[in-house]
>>> print(open('start-v6.tsv').read())   # TSV, C-alpha atoms
chain	number	residue	atom	x	y	z
P	1115	MET	CA	0.00	0.00	0.00
P	1116	ALA	CA	1.38	3.41	-0.97
P	1117	ARG	CA	2.17	5.78	1.84
P	1118	SER	CA	-0.05	8.84	1.81
P	1119	LYS	CA	1.48	12.28	1.54
P	1120	PRO	CA	1.75	14.05	4.89
P	1121	ARG	CA	-0.86	16.74	5.46
P	1122	THR	CA	0.72	20.19	5.78
P	1123	GLN	CA	-0.37	23.81	5.92
P	1124	SER	CA	1.42	26.70	4.25
P	1125	CYS	CA	2.90	29.30	6.56
P	1126	ASP	CA	5.40	32.13	6.44
P	1127	ARG	CA	7.83	34.11	8.59
P	1128	SER	CA	5.01	35.99	10.29
P	1129	ASP	CA	3.41	32.68	11.25
P	1130	ALA	CA	6.80	31.43	12.45
P	1131	LEU	CA	7.14	34.43	14.75
P	1132	THR	CA	3.62	33.94	16.08
P	1133	ARG	CA	4.22	30.25	16.82
P	1134	LEU	CA	7.62	31.08	18.35
P	1135	GLY	CA	5.97	33.58	20.69
P	1136	ARG	CA	3.39	31.02	21.69
P	1137	ALA	CA	6.11	28.43	22.35
P	1138	GLU	CA	7.95	30.92	24.55
P	1139	SER	CA	4.75	31.62	26.51
P	1140	PHE	CA	3.98	27.93	27.03
P	1141	LEU	CA	7.55	27.32	28.19
P	1142	LEU	CA	7.54	30.29	30.56
P	1143	ALA	CA	4.30	29.06	32.14
P	1144	ALA	CA	5.71	25.54	32.44
P	1145	GLU	CA	8.84	26.83	34.16
P	1146	LEU	CA	6.78	28.90	36.60
P	1147	ILE	CA	4.59	25.92	37.41
P	1148	ILE	CA	7.60	23.63	37.92
P	1149	ALA	CA	8.94	26.13	40.45
P	1150	ASP	CA	5.68	25.86	42.44
P	1151	ASP	CA	5.74	22.39	43.93
P	1152	SER	CA	2.84	22.98	46.30
P	1153	ASP	CA	0.42	20.69	44.48
P	1154	ASP	CA	0.81	17.12	43.21
P	1155	ALA	CA	-1.00	18.09	39.99
P	1156	THR	CA	1.40	20.86	39.00
P	1157	PRO	CA	4.05	18.62	37.36
P	1158	SER	CA	1.38	17.22	35.02
P	1159	VAL	CA	0.31	20.73	34.06
P	1160	ALA	CA	3.92	21.77	33.46
P	1161	ALA	CA	4.50	18.64	31.39
P	1162	SER	CA	1.42	19.37	29.30
P	1163	LEU	CA	2.63	22.92	28.68
P	1164	ALA	CA	6.07	21.57	27.72
P	1165	VAL	CA	4.41	19.42	25.04
P	1166	LEU	CA	2.52	22.45	23.72
P	1167	ALA	CA	5.74	24.49	23.74
P	1168	GLY	CA	7.50	21.79	21.74
P	1169	ILE	CA	4.74	21.59	19.16
P	1170	ALA	CA	4.63	25.37	18.74
P	1171	ALA	CA	8.44	25.54	18.48
P	1172	SER	CA	8.35	22.81	15.85
P	1173	ASP	CA	5.78	24.76	13.87
P	1174	ALA	CA	7.91	27.91	14.12
P	1175	ALA	CA	11.03	26.19	12.79
P	1176	CYS	CA	9.11	24.50	9.97
P	1177	CYS	CA	7.33	27.71	8.95
P	1178	ALA	CA	10.57	29.68	8.93
P	1179	ARG	CA	12.66	27.12	7.05
P	1180	LEU	CA	10.18	25.08	4.99
P	1181	GLY	CA	7.20	27.36	4.44
P	1182	ASN	CA	4.78	24.77	5.83
P	1183	ARG	CA	3.97	22.92	9.02
P	1184	ALA	CA	2.53	19.52	9.80
P	1185	ARG	CA	-1.26	19.41	10.12
P	1186	GLY	CA	-1.99	15.69	10.00
P	1187	GLN	CA	-3.26	13.42	12.75
P	1188	SER	CA	0.00	11.47	12.95
P	1189	HIS	CA	2.65	12.87	15.25
P	1190	THR	CA	5.21	10.91	13.23
P	1191	GLU	CA	4.56	13.21	10.28
P	1192	ALA	CA	5.36	16.27	12.40
P	1193	VAL	CA	8.58	14.68	13.68
P	1194	ASP	CA	9.60	13.64	10.17
P	1195	LEU	CA	8.90	17.10	8.73
P	1196	LEU	CA	10.83	18.80	11.54
P	1197	GLY	CA	13.73	16.46	10.88
P	1198	THR	CA	14.17	18.06	7.44
P	1199	VAL	CA	14.74	21.54	8.88
P	1200	GLU	CA	18.30	22.84	8.62
P	1201	PRO	CA	20.12	23.29	10.85
P	1202	ARG	CA	19.49	20.92	13.78
P	1203	GLY	CA	16.29	19.37	12.46
P	1204	ALA	CA	17.28	15.87	13.56
P	1205	ASP	CA	18.01	17.13	17.08
P	1206	MET	CA	14.72	19.02	17.22
P	1207	GLY	CA	12.89	15.96	15.93
P	1208	LYS	CA	14.31	13.81	18.73
P	1209	ASP	CA	13.18	16.27	21.40
P	1210	LEU	CA	9.74	16.63	19.81
P	1211	GLN	CA	9.38	12.83	19.70
P	1212	ARG	CA	10.34	12.59	23.38
P	1213	LEU	CA	7.67	15.17	24.25
P	1214	LEU	CA	5.03	13.54	22.07
P	1215	ASN	CA	5.76	10.16	23.65
P	1216	ARG	CA	4.64	11.67	26.98
P	1217	LYS	CA	1.72	13.71	25.58
P	1218	ASP	CA	-1.01	11.25	26.54
P	1219	ASP	CA	0.34	10.82	30.06
P	1220	SER	CA	0.58	14.56	30.67
P	1221	GLN	CA	-2.60	15.68	28.97
P	1222	TYR	CA	-5.03	12.79	29.19
P	1223	GLY	CA	-3.63	10.35	31.74
P	1224	LEU	CA	-5.20	9.61	35.08
P	1225	ALA	CA	-1.84	9.28	36.81
P	1226	PHE	CA	0.19	12.34	37.66
P	1227	VAL	CA	3.51	13.01	35.93
P	1228	SER	CA	6.34	13.10	38.45
P	1229	ALA	CA	8.21	16.32	39.13
P	1230	ALA	CA	11.40	14.75	37.76
P	1231	ASP	CA	9.69	13.71	34.51
P	1232	ALA	CA	8.08	17.13	34.13
P	1233	SER	CA	11.46	18.81	34.63
P	1234	ARG	CA	12.98	16.59	31.94
P	1235	MET	CA	10.14	17.46	29.58
P	1236	VAL	CA	10.57	21.17	30.23
P	1237	GLY	CA	14.27	20.72	29.45
P	1238	TRP	CA	13.50	19.03	26.12
P	1239	ALA	CA	11.06	21.80	25.23
P	1240	LYS	CA	13.59	24.45	26.20
P	1241	ARG	CA	16.29	22.90	24.00
P	1242	LEU	CA	13.85	22.51	21.11
P	1243	LEU	CA	12.75	26.12	21.50
P	1244	GLY	CA	16.37	27.31	21.46
P	1245	HIS	CA	17.04	25.53	18.16
P	1246	ALA	CA	13.73	26.78	16.73
P	1247	ARG	CA	14.54	30.34	17.75
P	1248	ARG	CA	17.84	30.14	15.88
P	1249	ALA	CA	16.07	28.70	12.83
P	1250	VAL	CA	13.56	31.55	12.82
P	1251	GLU	CA	16.08	34.30	13.48
P	1252	ALA	CA	18.60	33.15	10.85
>>> encode(input="start-v6.tsv", output="structure tokens")
Amino acid sequence: MARSKPRTQSCDRSDALTRLGRAESFLLAAELIIADDSDDATPSVAASLAVLAGIAASDAACCARLGNRARGQSHTEAVDLLGTVEPRGADMGKDLQRLLNRKDDSQYGLAFVSAADASRMVGWAKRLLGHARRAVEA
């Protein structure tokens, strides 16, 4: 069976800047929540925001460098598309995949994400955002 073409949406530098700003906001909120360890639920919220930051950063890098972003239902398509971004697409793709692997746990799961796992996820999102920022600003 032939593999279907990934679903994408056209975007431009303005869209890249918008998505980059959103990624920065999600990450800032996640970092603030991680710092507040007064509630067992806060790591899950921070982890969820880290996933959103990673997705927005991915969109920003793809819009800036490729002129389109992934819009399909498969997260694999988004990771694969991000992997084609130069420079550092493969590195960004790895971090996005790590975040997406934890998406269900952080956003839909009944169990809480641990503070250590949430901190790792925020770190992945932060690294991804740094690479995306350089891709947009170049």
>>> atom_distance(input="start-v6.tsv", atom1="CA of Leu1141 (chain P)", atom2="CA of Leu1163 (chain P)")
6.6 Å
>>> residues_around(input="start-v6.tsv", residues="Val1227 (chain P)", least_positions_apart="3", cutoff="9 Å", atoms="all atoms listed in the file", output="list of chain:residue names")
P:Asp1154, P:Ala1155, P:Thr1156, P:Pro1157, P:Ser1158, P:Val1159, P:Ala1161, P:Asp1219, P:Ser1220, P:Gly1223, P:Ala1230, P:Asp1231, P:Ala1232
>>> residues_around(input="start-v6.tsv", residues="region 1171-1175 of chain P", least_positions_apart="5", cutoff="9 Å", atoms="all atoms listed in the file", output="PDB file with C-alpha atoms, in the coordinates of the input")
ATOM      1  CA  ARG P1127       7.830  34.110   8.590  1.00  0.00           C
ATOM      2  CA  ASP P1129       3.410  32.680  11.250  1.00  0.00           C
ATOM      3  CA  ALA P1130       6.800  31.430  12.450  1.00  0.00           C
ATOM      4  CA  LEU P1131       7.140  34.430  14.750  1.00  0.00           C
ATOM      5  CA  THR P1132       3.620  33.940  16.080  1.00  0.00           C
ATOM      6  CA  ARG P1133       4.220  30.250  16.820  1.00  0.00           C
ATOM      7  CA  LEU P1134       7.620  31.080  18.350  1.00  0.00           C
ATOM      8  CA  GLY P1135       5.970  33.580  20.690  1.00  0.00           C
ATOM      9  CA  ARG P1136       3.390  31.020  21.690  1.00  0.00           C
ATOM     10  CA  ALA P1137       6.110  28.430  22.350  1.00  0.00           C
ATOM     11  CA  GLU P1138       7.950  30.920  24.550  1.00  0.00           C
ATOM     12  CA  LEU P1166       2.520  22.450  23.720  1.00  0.00           C
ATOM     13  CA  LEU P1180      10.180  25.080   4.990  1.00  0.00           C
ATOM     14  CA  ASN P1182       4.780  24.770   5.830  1.00  0.00           C
ATOM     15  CA  ARG P1183       3.970  22.920   9.020  1.00  0.00           C
ATOM     16  CA  ALA P1184       2.530  19.520   9.800  1.00  0.00           C
ATOM     17  CA  ALA P1192       5.360  16.270  12.400  1.00  0.00           C
ATOM     18  CA  VAL P1193       8.580  14.680  13.680  1.00  0.00           C
ATOM     19  CA  LEU P1196      10.830  18.800  11.540  1.00  0.00           C
ATOM     20  CA  VAL P1199      14.740  21.540   8.880  1.00  0.00           C
ATOM     21  CA  GLY P1203      16.290  19.370  12.460  1.00  0.00           C
ATOM     22  CA  MET P1206      14.720  19.020  17.220  1.00  0.00           C
ATOM     23  CA  GLY P1207      12.890  15.960  15.930  1.00  0.00           C
ATOM     24  CA  LEU P1210       9.740  16.630  19.810  1.00  0.00           C
ATOM     25  CA  ALA P1239      11.060  21.800  25.230  1.00  0.00           C
ATOM     26  CA  LEU P1242      13.850  22.510  21.110  1.00  0.00           C
ATOM     27  CA  LEU P1243      12.750  26.120  21.500  1.00  0.00           C
ATOM     28  CA  GLY P1244      16.370  27.310  21.460  1.00  0.00           C
ATOM     29  CA  HIS P1245      17.040  25.530  18.160  1.00  0.00           C
ATOM     30  CA  ALA P1246      13.730  26.780  16.730  1.00  0.00           C
ATOM     31  CA  ARG P1247      14.540  30.340  17.750  1.00  0.00           C
ATOM     32  CA  ARG P1248      17.840  30.140  15.880  1.00  0.00           C
ATOM     33  CA  ALA P1249      16.070  28.700  12.830  1.00  0.00           C
ATOM     34  CA  VAL P1250      13.560  31.550  12.820  1.00  0.00           C
TER      35      VAL P1250
END
>>> closest_residue(input="start-v6.tsv", among="P:Arg1185, P:Lys1119, P:Arg1241, P:Lys1217", to="Asp1205 (chain P)", atoms="all atoms listed in the file")
P:Arg1241
>>> atom_distance(input="start-v6.tsv", atom1="CA of Asp1209 (chain P)", atom2="CA of Val1236 (chain P)")
10.4 Å
>>> axis_aligned_box(input="start-v6.tsv", around="region 1162-1170 of chain P", padding_each_side="6 Å", output="lines of an AutoDock Vina configuration file")
center_x = 4.5
center_y = 22.4
center_z = 24.0
size_x = 18.1
size_y = 18.0
size_z = 22.6
>>> closest_residue(input="start-v6.tsv", among="P:Gly1186, P:Ser1228, P:Gly1181, P:Cys1176", to="Thr1198 (chain P)", atoms="all atoms listed in the file")
P:Cys1176
>>> closest_residue(input="start-v6.tsv", among="P:Cys1177, P:Met1235, P:Leu1224, P:Cys1125", to="Ala1160 (chain P)", atoms="all atoms listed in the file")
P:Met1235
>>> closest_residue(input="start-v6.tsv", among="P:Leu1214, P:Ala1178, P:Ala1229, P:Ala1252", to="Glu1145 (chain P)", atoms="all atoms listed in the file")
P:Ala1229
>>> atom_distance(input="start-v6.tsv", atom1="CA of Ala1164 (chain P)", atom2="CA of Pro1120 (chain P)")
24.4 Å
>>> closest_residue(input="start-v6.tsv", among="P:Gln1211, P:Gln1187, P:Ala1149, P:Phe1226", to="Ile1169 (chain P)", atoms="all atoms listed in the file")
P:Gln1211
